[in-house]
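> Here it is, the structure, as structure tokens.
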There are 2 protein chains.
Amino acid sequence: MRGNMLIAQSGGPSMVINQSLAGAVLAAKACPEIDAIYGALHGIQGIFDERFIDLRQEPDDVLLRVAQTPSSALGSVRRKPTPDDCRALFAVLAKHGVRYFFYIGGNDSAETAHIIAQEAGRQGYPLCCFHIPKTIDNDLLANDHTPGYGSAGRFVACAVRGDDLDNRALGGVKIDVIMGRNAGFLTAAAALARQDPDDGPHLVYLPERPFTLERFVADVDACMKRYGRCVLAVSEGIRGPDGRPVAEAFSTETDAHGNVQLTSAALGENLAAVIRDKLRVKRVRADTFGFIQRCFVGCVSESDAREAFQAGAEAVKAAVSGRHPGGTIALVREPGDAYAIRYEVAPLSAVAKHTREMPDAFIAPEGNHVTEAFLRYARPIVGELPPTARFEQLRR
Amino acid sequence: MRGNMLIAQSGGPSMVINQSLAGAVLAAKACPEIDAIYGALHGIQGIFDERFIDLRQEPDDVLLRVAQTPSSALGSVRRKPTPDDCRALFAVLAKHGVRYFFYIGGNDSAETAHIIAQEAGRQGYPLCCFHIPKTIDNDLLANDHTPGYGSAGRFVACAVRGDDLDNRALGGVKIDVIMGRNAGFLTAAAALARQDPDDGPHLVYLPERPFTLERFVADVDACMKRYGRCVLAVSEGIRGPDGRPVAEAFSTETDAHGNVQLTSAALGENLAAVIRDKLRVKRVRADTFGFIQRCFVGCVSESDAREAFQAGAEAVKAAVSGRHPGGTIALVREPGDAYAIRYEVAPLSAVAKHTREMPDAFIAPEGNHVTEAFLRYARPIVGELPPTARFEQLRR
């Protein structure tokens, strides 16, 4: 099928989402099946508004520098299309001769791509629709891990390693609240900060295990008795035994996909107050890493950047091959000790809407830390951290 | 004077405070006047507790790796000694033959060094006492800038550049709350994130100018009308027209030097609520960068690391020269366009206790941004940021 191509970005930005964009555009430039290469601004909103840029006009060196730039260079959106929306979309796509559509994003964006693909079939608009995976949450089904996770995980690991050194210097309890609404993968990456047995994070709380204040206080108390200090990595999405997010009480705002916006800063401050009150620890601090986890300049995992680029290129190759009506690119890990990834085409239904959680094998039996299996899994994704050291006489 | 040397670290850690430690220890190893080189753990608290390590035992390669590690490798403390404390200190120093004392820290630590030097004179204990400057706040008198500021400023600039790209993608108002109790230098470093005229931060609020909610709302409103979005860098230390910190209402905790601990997260959330309420902006987010500003692993300014190391070495050279009863090392900028720093010895009284603020020439007349003069001043201190780019068609 010959025609024009449209690509867009959706959902929360990541540090490498532009690598996928560059990978797709550079691959498309080499495809005789693809004529014009348009970029829609702010996801599908840019289609409704007919706000396109011509990506063939951008020189390769600009494209490669954009690839190294965090956040979504075409802008982003959170919007779920109705069948009527799709009718309007196809009118615009038809006007511009678009036969290939690529949507870079997480599970909500995959759902959008899935809806568009289904409606294209129903409404008789010939379109090859591909989703390109991206999410710092690492919660897409069918993937070993997702582009974006490695770099966000690297940020979290670098931040917590530094924060643990800071806590060594001044003592007390430090609570770091980390992104992740439903899956604990990003919070778990904090554990990569550890080198010595007494390094933090000493406790890691994930949305996959029920959180109670009693257990939390007892865990911190035991850690203070053992190490005289305590560094915690806490997911913003931790839930009580009733399944409700602990942070939900502090917020009411919801987004278009019905996700509650968590006030993570309030979560950290409230947990700190509990420790001050129950354990009488004088110095208790909480930080919420916030948006810089996904867009900090200068903290990219090399394998993440490479894989994000390749996922974009593979989507274009799969689309023009004519062997798939549409789909998504899944990152599958090759078996064996050497780290290697292959890219497979999976149906959109495999990743749309639903999310995956941390497998049990990655969570310590006590439910307050990760396992060695998780660390083996995550290390090559996040990459080696910058070297740090302590005095020999102070290591135990 | 021949004798043993003791060195310690105090106050808030920085990313390069261990460079100063390594610089001092390596210089001391080359001095025939200095026999044993002790490190006291957790500042002067380690003297009271006689918790020393022998820094000659640590191999040079360990010392150099520790130098590259954020936070205070010897531990830190916030404690101001009384004359009685000093009597106890001198008893310990005498027992260990200590004739040279080096204290790495900010203005509170300089005050401690000043008290110890004065009491040593009064109580007749022969001691050469030197302060080595460190503070991410950049608020020491007598210095062009202080070791620690360049790297923390680099973190802030990288974070805000990424955050501005994130805000471009999803829109709305983003408030970043940045450390700095009395001086706005660190918050001002956010302005180094800008490349294009429409880049954020669009507004920069500093403790040096009175902050009112009315003015703040009007500024954000004007920015939204101009750019359709707004990124703000707000110092945690902003004060109302009455001189009281805006954040103070949210906290009561104070440290040993009488500094109120600001609940910066609450400041950001409260300012965000004001914007939501007054301007009806749907997407308003606030982040507080927190402790990772001073201890993140992998975000060091090269000139900062070099200067911190050299400040430590210069303190030791000045101490053994016999030409100074004690003092501090001041970083003085050479005149001219090429960036160069020389190290001078200044009396402890020149930096103890008092702090400096941003000069008027660095603050925009409107009081809501910095000037080009500040950017010229700060650029070589923070260093070049990692390259980022936008599509040519989206730049205006």
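Here's how to read the names in the structure tokens: chain A, B, ... by the order shown, residue numbers from 1 in each chain, ligand numbers from 1 in the order shown.
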Step one, run DSSP on the backbone; step two, keep only residues of range 151-268 of chain B assigned to strand (DSSP E); then write them as a VMD selection string.
chain B and resid 172 to 178 203 to 205 229 to 235
> Given the selection you just returned, output its residues as a file containing N, CA and C atoms, formatted as a short mmCIF file (atom, residue, chain, number, x, y, z; two decimals), in the first residue's frame.

```
data_model
loop_
_atom_site.label_atom_id
_atom_site.label_comp_id
_atom_site.auth_asym_id
_atom_site.auth_seq_id
_atom_site.Cartn_x
_atom_site.Cartn_y
_atom_site.Cartn_z
N GLY B 172 -0.57 24.03 30.21
CA GLY B 172 -0.96 24.45 31.55
C GLY B 172 0.15 25.20 32.28
N VAL B 173 0.04 25.20 33.60
CA VAL B 173 0.98 25.94 34.45
C VAL B 173 1.79 24.95 35.26
N LYS B 174 3.10 25.14 35.31
CA LYS B 174 3.96 24.28 36.11
C LYS B 174 4.80 25.13 37.04
N ILE B 175 4.72 24.81 38.33
CA ILE B 175 5.46 25.53 39.36
C ILE B 175 6.57 24.63 39.90
N ASP B 176 7.82 25.07 39.81
CA ASP B 176 8.94 24.32 40.37
C ASP B 176 9.50 25.06 41.57
N VAL B 177 9.45 24.43 42.72
CA VAL B 177 9.95 25.06 43.95
C VAL B 177 11.38 24.60 44.19
N ILE B 178 12.27 25.57 44.35
CA ILE B 178 13.72 25.32 44.35
C ILE B 178 14.31 25.80 45.68
N LEU B 203 8.78 32.79 34.49
CA LEU B 203 8.78 33.64 35.69
C LEU B 203 9.73 33.03 36.72
N VAL B 204 10.48 33.89 37.40
CA VAL B 204 11.44 33.45 38.42
C VAL B 204 11.23 34.32 39.66
N TYR B 205 10.82 33.70 40.76
CA TYR B 205 10.57 34.45 41.99
C TYR B 205 11.64 34.15 43.03
N ARG B 229 0.90 28.86 28.02
CA ARG B 229 1.43 27.97 29.04
C ARG B 229 2.36 28.78 29.92
N CYS B 230 2.76 28.22 31.05
CA CYS B 230 3.63 28.99 31.96
C CYS B 230 4.43 28.05 32.86
N VAL B 231 5.75 28.23 32.85
CA VAL B 231 6.64 27.48 33.75
C VAL B 231 7.30 28.47 34.70
N LEU B 232 7.21 28.17 36.01
CA LEU B 232 7.72 29.09 37.02
C LEU B 232 8.80 28.43 37.87
N ALA B 233 9.85 29.18 38.17
CA ALA B 233 10.85 28.77 39.15
C ALA B 233 10.64 29.63 40.39
N VAL B 234 10.30 28.98 41.50
CA VAL B 234 9.96 29.71 42.71
C VAL B 234 10.90 29.29 43.83
N SER B 235 11.56 30.25 44.45
CA SER B 235 12.42 29.92 45.59
C SER B 235 11.57 29.53 46.79
#
```
> For Phe130 in chain B, please output as an NGL selection string all residues within 12 Å (counting only C-alpha atoms; exclusion window: fewer than 3 positions along the same chain).
:B and (5-8 or 24 or 99-105 or 109-117 or 127 or 133 or 311-320 or 324-330 or 345-349 or 351-352)
> Kindly determine which residues of chain B lie within 7 Å of chain A, considering only C-alpha atoms, and give the answer as number ranges by chain.
B: 13, 42, 53, 58, 62, 65-66, 68-73, 75-77, 158-159, 161-163, 165-166, 168-170, 265, 287, 289-292, 295-298, 386, 388-393
> List as JSON, numbers by chain the protein and nucleic acid residues near range 209-225 of chain A, meaning an atom at most 8 Å away when only C-alpha atoms are counted, but skip any in the same chain fewer than 5 places from it.
{"A": [202, 203, 230, 238, 239, 240, 241, 243, 274, 275, 278, 279, 367]}
> Onto chain A, please fit chain B by least squares using all C-alpha atoms in order, then return the transformed chain as a compact mmCIF listing (two decimals) with C-alpha atoms, in the first residue's frame.

```
# COMPACT_ATOMS: atom_id res chain seq x y z
CA MET B 1 0.00 0.04 -0.01
CA ARG B 2 1.38 3.39 -1.03
CA GLY B 3 0.39 6.60 0.69
CA ASN B 4 1.26 9.30 3.17
CA MET B 5 2.17 8.69 6.75
CA LEU B 6 1.10 10.45 9.93
CA ILE B 7 2.79 10.07 13.29
CA ALA B 8 1.90 11.51 16.69
CA GLN B 9 2.75 11.23 20.38
CA SER B 10 0.34 10.79 23.27
CA GLY B 11 0.16 10.47 27.05
CA GLY B 12 2.93 11.34 29.49
CA PRO B 13 6.25 12.24 27.88
CA SER B 14 9.41 10.23 28.45
CA MET B 15 13.13 10.89 28.02
CA VAL B 16 13.32 8.77 24.88
CA ILE B 17 9.90 9.13 23.20
CA ASN B 18 11.57 11.30 20.54
CA GLN B 19 13.97 8.45 19.78
CA SER B 20 10.94 6.43 18.66
CA LEU B 21 9.76 9.37 16.58
CA ALA B 22 13.16 9.75 14.93
CA GLY B 23 13.46 5.99 14.40
CA ALA B 24 10.10 5.89 12.65
CA VAL B 25 10.73 8.97 10.51
CA LEU B 26 14.20 7.90 9.40
CA ALA B 27 12.89 4.42 8.54
CA ALA B 28 9.97 5.96 6.63
CA LYS B 29 12.34 8.17 4.63
CA ALA B 30 13.88 4.95 3.26
CA CYS B 31 10.50 3.38 2.30
CA PRO B 32 9.28 3.72 -1.29
CA GLU B 33 5.72 2.98 -0.05
CA ILE B 34 5.65 6.22 1.97
CA ASP B 35 5.36 9.63 0.36
CA ALA B 36 4.71 12.55 2.72
CA ILE B 37 5.62 12.16 6.40
CA TYR B 38 3.42 14.31 8.60
CA GLY B 39 3.63 14.88 12.33
CA ALA B 40 0.37 15.77 14.10
CA LEU B 41 0.73 18.21 16.99
CA HIS B 42 -0.58 17.11 20.39
CA GLY B 43 -1.62 13.61 19.42
CA ILE B 44 -5.00 13.04 17.82
CA GLN B 45 -5.98 16.59 18.81
CA GLY B 46 -3.67 17.74 16.04
CA ILE B 47 -5.67 15.68 13.53
CA PHE B 48 -8.96 17.28 14.55
CA ASP B 49 -7.30 20.69 14.34
CA GLU B 50 -5.33 19.83 11.15
CA ARG B 51 -2.14 20.94 12.83
CA PHE B 52 0.56 19.01 10.97
CA ILE B 53 4.22 19.61 10.31
CA ASP B 54 6.12 18.14 7.37
CA LEU B 55 8.76 15.90 8.90
CA ARG B 56 10.61 15.44 5.60
CA GLN B 57 11.48 19.14 5.83
CA GLU B 58 13.40 18.63 9.07
CA PRO B 59 17.09 17.89 8.36
CA ASP B 60 18.44 14.57 9.66
CA ASP B 61 20.79 16.33 12.09
CA VAL B 62 17.84 18.18 13.65
CA LEU B 63 15.92 14.91 13.83
CA LEU B 64 18.83 13.24 15.62
CA ARG B 65 19.19 16.10 18.09
CA VAL B 66 15.44 16.05 18.75
CA ALA B 67 15.81 12.30 19.35
CA GLN B 68 18.17 13.06 22.25
CA THR B 69 15.74 15.59 23.74
CA PRO B 70 13.31 14.56 26.49
CA SER B 71 9.52 15.04 26.29
CA SER B 72 7.27 14.80 23.24
CA ALA B 73 8.63 17.05 20.49
CA LEU B 74 5.28 17.00 18.65
CA GLY B 75 3.34 17.77 21.82
CA SER B 76 1.02 15.37 23.58
CA VAL B 77 -2.61 14.90 24.60
CA ARG B 78 -4.79 12.68 26.75
CA ARG B 79 -7.93 12.05 24.70
CA LYS B 80 -9.95 8.94 23.90
CA PRO B 81 -11.83 9.09 20.57
CA THR B 82 -15.49 8.18 20.10
CA PRO B 83 -16.77 6.60 16.83
CA ASP B 84 -17.94 10.11 15.80
CA ASP B 85 -14.49 11.48 16.54
CA CYS B 86 -13.05 8.78 14.29
CA ARG B 87 -15.35 9.83 11.43
CA ALA B 88 -13.95 13.35 11.73
CA LEU B 89 -10.40 11.98 11.95
CA PHE B 90 -10.78 9.88 8.80
CA ALA B 91 -12.10 12.91 6.90
CA VAL B 92 -8.88 14.75 7.73
CA LEU B 93 -6.70 11.72 7.01
CA ALA B 94 -8.44 11.22 3.64
CA LYS B 95 -7.90 14.87 2.73
CA HIS B 96 -4.17 14.42 3.33
CA GLY B 97 -3.92 10.97 1.70
CA VAL B 98 -2.84 9.30 4.93
CA ARG B 99 -2.66 5.49 4.74
CA TYR B 100 -0.21 4.87 7.60
CA PHE B 101 -0.79 6.08 11.14
CA PHE B 102 1.68 5.66 14.02
CA TYR B 103 0.84 6.51 17.60
CA ILE B 104 3.59 6.54 20.23
CA GLY B 105 2.39 6.10 23.81
CA GLY B 106 1.35 3.86 26.69
CA ASN B 107 -1.67 1.65 27.23
CA ASP B 108 -4.18 4.52 26.93
CA SER B 109 -2.58 5.54 23.63
CA ALA B 110 -2.67 1.90 22.49
CA GLU B 111 -6.38 1.93 23.31
CA THR B 112 -6.80 5.03 21.15
CA ALA B 113 -4.90 3.35 18.29
CA HIS B 114 -7.03 0.23 18.76
CA ILE B 115 -10.27 2.24 18.59
CA ILE B 116 -9.05 4.07 15.46
CA ALA B 117 -8.03 0.78 13.79
CA GLN B 118 -11.39 -0.85 14.60
CA GLU B 119 -13.38 2.17 13.45
CA ALA B 120 -11.31 2.40 10.25
CA GLY B 121 -12.42 -1.17 9.51
CA ARG B 122 -16.05 -0.45 10.39
CA GLN B 123 -16.20 2.84 8.52
CA GLY B 124 -14.28 1.48 5.51
CA TYR B 125 -11.27 3.78 5.70
CA PRO B 126 -8.12 1.99 4.48
CA LEU B 127 -5.54 2.59 7.19
CA CYS B 128 -2.58 0.72 8.58
CA CYS B 129 -2.48 1.74 12.23
CA PHE B 130 0.52 1.00 14.48
CA HIS B 131 1.19 1.70 18.12
CA ILE B 132 4.78 2.30 19.25
CA PRO B 133 5.29 1.48 22.93
CA LYS B 134 6.33 4.13 25.45
CA THR B 135 5.79 4.32 29.17
CA ILE B 136 8.00 5.06 32.14
CA ASP B 137 5.59 2.90 34.19
CA ASN B 138 6.77 -0.23 32.33
CA ASP B 139 3.24 -1.60 32.59
CA LEU B 140 2.42 -2.60 28.99
CA LEU B 141 1.39 -6.19 28.50
CA ALA B 142 3.28 -8.37 25.96
CA ASN B 143 6.58 -6.47 26.56
CA ASP B 144 9.63 -7.49 28.57
CA HIS B 145 9.91 -3.77 29.29
CA THR B 146 8.91 -0.56 27.56
CA PRO B 147 10.94 2.27 26.03
CA GLY B 148 11.06 5.12 28.55
CA TYR B 149 11.30 2.89 31.60
CA GLY B 150 15.07 2.45 31.47
CA SER B 151 15.82 6.19 31.55
CA ALA B 152 13.21 7.04 34.17
CA GLY B 153 14.50 4.11 36.22
CA ARG B 154 18.01 5.46 35.81
CA PHE B 155 16.89 8.86 37.11
CA VAL B 156 15.22 7.21 40.12
CA ALA B 157 18.26 5.04 40.88
CA CYS B 158 20.67 8.01 40.61
CA ALA B 159 18.41 10.16 42.76
CA VAL B 160 17.98 7.52 45.47
CA ARG B 161 21.68 6.65 45.53
CA GLY B 162 22.49 10.33 46.09
CA ASP B 163 19.68 10.66 48.60
CA ASP B 164 20.93 7.65 50.53
CA LEU B 165 24.38 9.26 50.74
CA ASP B 166 22.68 12.46 51.92
CA ASN B 167 20.79 10.51 54.58
CA ARG B 168 24.03 8.86 55.73
CA ALA B 169 25.46 12.34 56.31
CA LEU B 170 22.59 13.80 58.31
CA GLY B 171 20.62 10.79 59.52
CA GLY B 172 16.95 10.24 60.28
CA VAL B 173 14.22 8.96 57.97
CA LYS B 174 13.89 9.91 54.31
CA ILE B 175 10.82 9.07 52.25
CA ASP B 176 11.05 9.30 48.45
CA VAL B 177 7.73 9.16 46.61
CA ILE B 178 8.10 7.80 43.07
CA MET B 179 5.74 7.75 40.07
CA GLY B 180 3.68 4.71 39.14
CA ARG B 181 -0.07 4.61 39.43
CA ASN B 182 -0.65 0.85 39.16
CA ALA B 183 2.70 -0.81 38.72
CA GLY B 184 5.71 -0.65 41.01
CA PHE B 185 8.44 -1.06 38.38
CA LEU B 186 9.68 2.54 38.57
CA THR B 187 9.72 2.60 42.37
CA ALA B 188 11.49 -0.77 42.33
CA ALA B 189 14.27 0.75 40.19
CA ALA B 190 15.30 2.68 43.32
CA ALA B 191 16.78 -0.59 44.59
CA LEU B 192 19.43 -0.38 41.85
CA ALA B 193 20.96 2.41 43.96
CA ARG B 194 22.29 -0.12 46.48
CA GLN B 195 25.91 -1.30 46.50
CA ASP B 196 26.71 -2.15 50.13
CA PRO B 197 24.39 -4.22 52.35
CA ASP B 198 23.60 -1.19 54.55
CA ASP B 199 22.79 1.08 51.59
CA GLY B 200 19.29 2.42 51.06
CA PRO B 201 16.63 2.16 49.97
CA HIS B 202 16.02 0.01 53.02
CA LEU B 203 12.32 -0.31 52.30
CA VAL B 204 10.46 -0.33 48.97
CA TYR B 205 6.65 -0.10 48.93
CA LEU B 206 4.82 -1.04 45.73
CA PRO B 207 1.20 -0.82 44.58
CA GLU B 208 1.23 -4.61 44.13
CA ARG B 209 1.17 -5.26 47.90
CA PRO B 210 -1.34 -3.93 50.44
CA PHE B 211 0.05 -1.05 52.49
CA THR B 212 -0.87 -0.51 56.13
CA LEU B 213 0.41 2.23 58.41
CA GLU B 214 0.98 -0.31 61.22
CA ARG B 215 3.29 -2.41 59.07
CA PHE B 216 5.00 0.70 57.67
CA VAL B 217 5.76 2.06 61.16
CA ALA B 218 7.04 -1.35 62.35
CA ASP B 219 9.28 -1.66 59.25
CA VAL B 220 10.79 1.82 59.76
CA ASP B 221 11.27 1.16 63.47
CA ALA B 222 13.16 -2.08 62.76
CA CYS B 223 15.32 -0.30 60.17
CA MET B 224 16.15 2.54 62.57
CA LYS B 225 17.18 0.01 65.20
CA ARG B 226 19.39 -1.82 62.72
CA TYR B 227 21.01 1.03 60.78
CA GLY B 228 20.24 4.16 62.81
CA ARG B 229 18.65 5.65 59.71
CA CYS B 230 16.12 4.71 57.04
CA VAL B 231 15.62 5.55 53.36
CA LEU B 232 12.33 4.52 51.75
CA ALA B 233 11.16 4.32 48.15
CA VAL B 234 7.37 4.61 48.11
CA SER B 235 5.20 4.32 45.02
CA GLU B 236 2.64 7.11 44.64
CA GLY B 237 0.18 4.32 43.82
CA ILE B 238 0.42 2.32 47.08
CA ARG B 239 -2.97 0.95 48.09
CA GLY B 240 -4.55 -0.04 51.36
CA PRO B 241 -5.93 -3.54 52.00
CA ASP B 242 -9.23 -2.31 50.51
CA GLY B 243 -7.46 -1.67 47.20
CA ARG B 244 -7.90 2.11 47.36
CA PRO B 245 -4.83 4.30 46.69
CA VAL B 246 -3.51 5.70 49.97
CA ALA B 247 -2.97 9.07 48.23
CA GLU B 248 -6.51 9.24 46.82
CA ALA B 249 -7.92 10.89 49.93
CA PHE B 250 -5.87 13.99 49.03
CA SER B 251 -7.19 14.56 45.50
CA THR B 252 -10.30 14.51 43.34
CA GLU B 253 -9.07 15.60 39.90
CA THR B 254 -9.36 13.00 37.09
CA ASP B 255 -8.10 12.92 33.50
CA ALA B 256 -9.93 11.98 30.26
CA HIS B 257 -9.15 8.27 30.74
CA GLY B 258 -10.64 8.40 34.25
CA ASN B 259 -7.30 8.22 36.07
CA VAL B 260 -7.27 10.04 39.40
CA GLN B 261 -4.47 12.60 39.64
CA LEU B 262 -2.60 11.64 42.80
CA THR B 263 -1.28 14.35 45.06
CA SER B 264 1.95 12.55 45.76
CA ALA B 265 3.54 15.40 47.71
CA ALA B 266 0.75 15.16 50.26
CA LEU B 267 1.31 11.38 50.48
CA GLY B 268 4.98 11.85 51.38
CA GLU B 269 4.32 14.60 53.92
CA ASN B 270 1.59 12.56 55.57
CA LEU B 271 3.74 9.44 55.84
CA ALA B 272 6.54 11.60 57.31
CA ALA B 273 4.13 13.00 59.90
CA VAL B 274 3.15 9.46 60.93
CA ILE B 275 6.80 8.53 61.55
CA ARG B 276 7.47 11.74 63.50
CA ASP B 277 4.42 11.08 65.61
CA LYS B 278 4.71 7.33 66.22
CA LEU B 279 8.48 6.84 66.39
CA ARG B 280 9.56 10.24 67.72
CA VAL B 281 12.30 10.44 65.08
CA LYS B 282 13.51 14.06 65.03
CA ARG B 283 14.65 14.34 61.42
CA VAL B 284 12.09 12.99 58.97
CA ARG B 285 12.01 14.31 55.41
CA ALA B 286 9.92 13.49 52.36
CA ASP B 287 10.54 14.29 48.70
CA THR B 288 8.35 13.61 45.70
CA PHE B 289 10.41 13.23 42.56
CA GLY B 290 7.60 14.50 40.34
CA PHE B 291 7.71 15.20 36.63
CA ILE B 292 11.50 15.41 36.35
CA GLN B 293 11.52 11.60 36.60
CA ARG B 294 10.31 11.48 33.02
CA CYS B 295 11.93 14.54 31.43
CA PHE B 296 15.23 15.38 33.15
CA VAL B 297 17.88 16.48 30.66
CA GLY B 298 21.08 14.41 30.82
CA CYS B 299 20.08 11.11 32.41
CA VAL B 300 19.36 8.62 29.64
CA SER B 301 19.91 4.85 29.66
CA GLU B 302 21.86 3.98 26.52
CA SER B 303 19.97 0.76 25.89
CA ASP B 304 16.67 2.58 26.42
CA ALA B 305 17.55 5.23 23.82
CA ARG B 306 18.65 2.57 21.34
CA GLU B 307 15.56 0.40 21.87
CA ALA B 308 13.15 3.34 21.66
CA PHE B 309 14.67 4.33 18.31
CA GLN B 310 14.50 0.77 17.05
CA ALA B 311 10.87 0.30 18.16
CA GLY B 312 9.91 3.26 15.97
CA ALA B 313 11.86 1.90 13.00
CA GLU B 314 10.39 -1.60 13.44
CA ALA B 315 6.83 -0.23 13.45
CA VAL B 316 7.38 1.42 10.08
CA LYS B 317 9.04 -1.68 8.61
CA ALA B 318 6.15 -3.86 9.84
CA ALA B 319 3.53 -1.45 8.50
CA VAL B 320 4.93 -1.24 4.97
CA SER B 321 5.60 -5.00 4.83
CA GLY B 322 1.89 -5.52 4.09
CA ARG B 323 1.89 -8.53 6.38
CA HIS B 324 -0.02 -6.83 9.21
CA PRO B 325 -3.32 -4.93 9.17
CA GLY B 326 -1.90 -2.98 12.13
CA GLY B 327 -0.44 -3.75 15.52
CA THR B 328 2.10 -2.78 18.10
CA ILE B 329 5.80 -3.47 18.52
CA ALA B 330 6.62 -5.64 21.54
CA LEU B 331 10.09 -5.81 23.10
CA VAL B 332 10.89 -9.44 23.82
CA ARG B 333 13.99 -10.48 25.75
CA GLU B 334 16.10 -13.25 24.29
CA PRO B 335 16.79 -16.10 26.69
CA GLY B 336 20.26 -16.47 28.18
CA ASP B 337 22.58 -14.39 30.31
CA ALA B 338 23.64 -11.91 27.64
CA TYR B 339 21.16 -9.06 27.37
CA ALA B 340 19.45 -8.95 23.96
CA ILE B 341 16.08 -7.73 22.75
CA ARG B 342 14.10 -8.65 19.67
CA TYR B 343 11.11 -6.77 18.29
CA GLU B 344 7.87 -8.60 17.53
CA VAL B 345 4.59 -7.45 16.06
CA ALA B 346 1.63 -8.01 18.39
CA PRO B 347 -2.05 -7.16 17.90
CA LEU B 348 -3.23 -3.82 19.33
CA SER B 349 -5.65 -5.70 21.57
CA ALA B 350 -2.64 -7.23 23.34
CA VAL B 351 -1.57 -3.91 24.89
CA ALA B 352 -4.64 -1.65 24.71
CA LYS B 353 -6.18 -0.41 27.92
CA HIS B 354 -4.99 -3.11 30.32
CA THR B 355 -1.78 -2.89 32.32
CA ARG B 356 0.58 -5.38 33.86
CA GLU B 357 1.92 -5.35 37.39
CA MET B 358 5.22 -6.51 38.90
CA PRO B 359 5.40 -10.33 38.87
CA ASP B 360 5.52 -12.00 42.29
CA ALA B 361 9.07 -13.19 41.64
CA PHE B 362 10.24 -9.56 41.66
CA ILE B 363 8.75 -8.73 45.08
CA ALA B 364 10.30 -9.81 48.39
CA PRO B 365 8.10 -12.18 50.41
CA GLU B 366 7.73 -9.53 53.14
CA GLY B 367 6.23 -7.18 50.53
CA ASN B 368 8.55 -4.32 51.47
CA HIS B 369 11.43 -4.72 49.00
CA VAL B 370 12.42 -6.25 45.66
CA THR B 371 14.22 -9.52 44.93
CA GLU B 372 17.55 -10.31 43.32
CA ALA B 373 15.55 -11.53 40.31
CA PHE B 374 14.20 -8.00 39.82
CA LEU B 375 17.69 -6.51 40.04
CA ARG B 376 18.98 -8.97 37.41
CA TYR B 377 16.03 -8.04 35.21
CA ALA B 378 16.37 -4.27 35.59
CA ARG B 379 20.16 -3.73 35.58
CA PRO B 380 20.73 -3.96 31.80
CA ILE B 381 17.62 -1.86 31.14
CA VAL B 382 18.80 0.99 33.37
CA GLY B 383 22.53 0.59 32.66
CA GLU B 384 25.57 1.10 34.90
CA LEU B 385 25.20 4.03 37.27
CA PRO B 386 27.97 6.65 37.55
CA PRO B 387 30.64 5.40 39.99
CA THR B 388 30.45 6.47 43.63
CA ALA B 389 32.53 5.34 46.60
CA ARG B 390 32.77 5.46 50.38
CA PHE B 391 35.81 5.41 52.62
CA GLU B 392 37.01 1.85 53.24
CA GLN B 393 37.05 2.45 57.01
CA LEU B 394 33.35 3.37 56.99
CA ARG B 395 32.06 0.33 55.11
CA ARG B 396 30.71 -2.53 57.12
```
> Could you give me, as a ChimeraX atom specification, each residue of range 147-368 of chain A that DSSP assigns to helix (DSSP H, G or I) when run on this structure's backbone?
/A:149-170,185-193,213-227,246-250,264-279,292-295,302-320,348-350,360-362
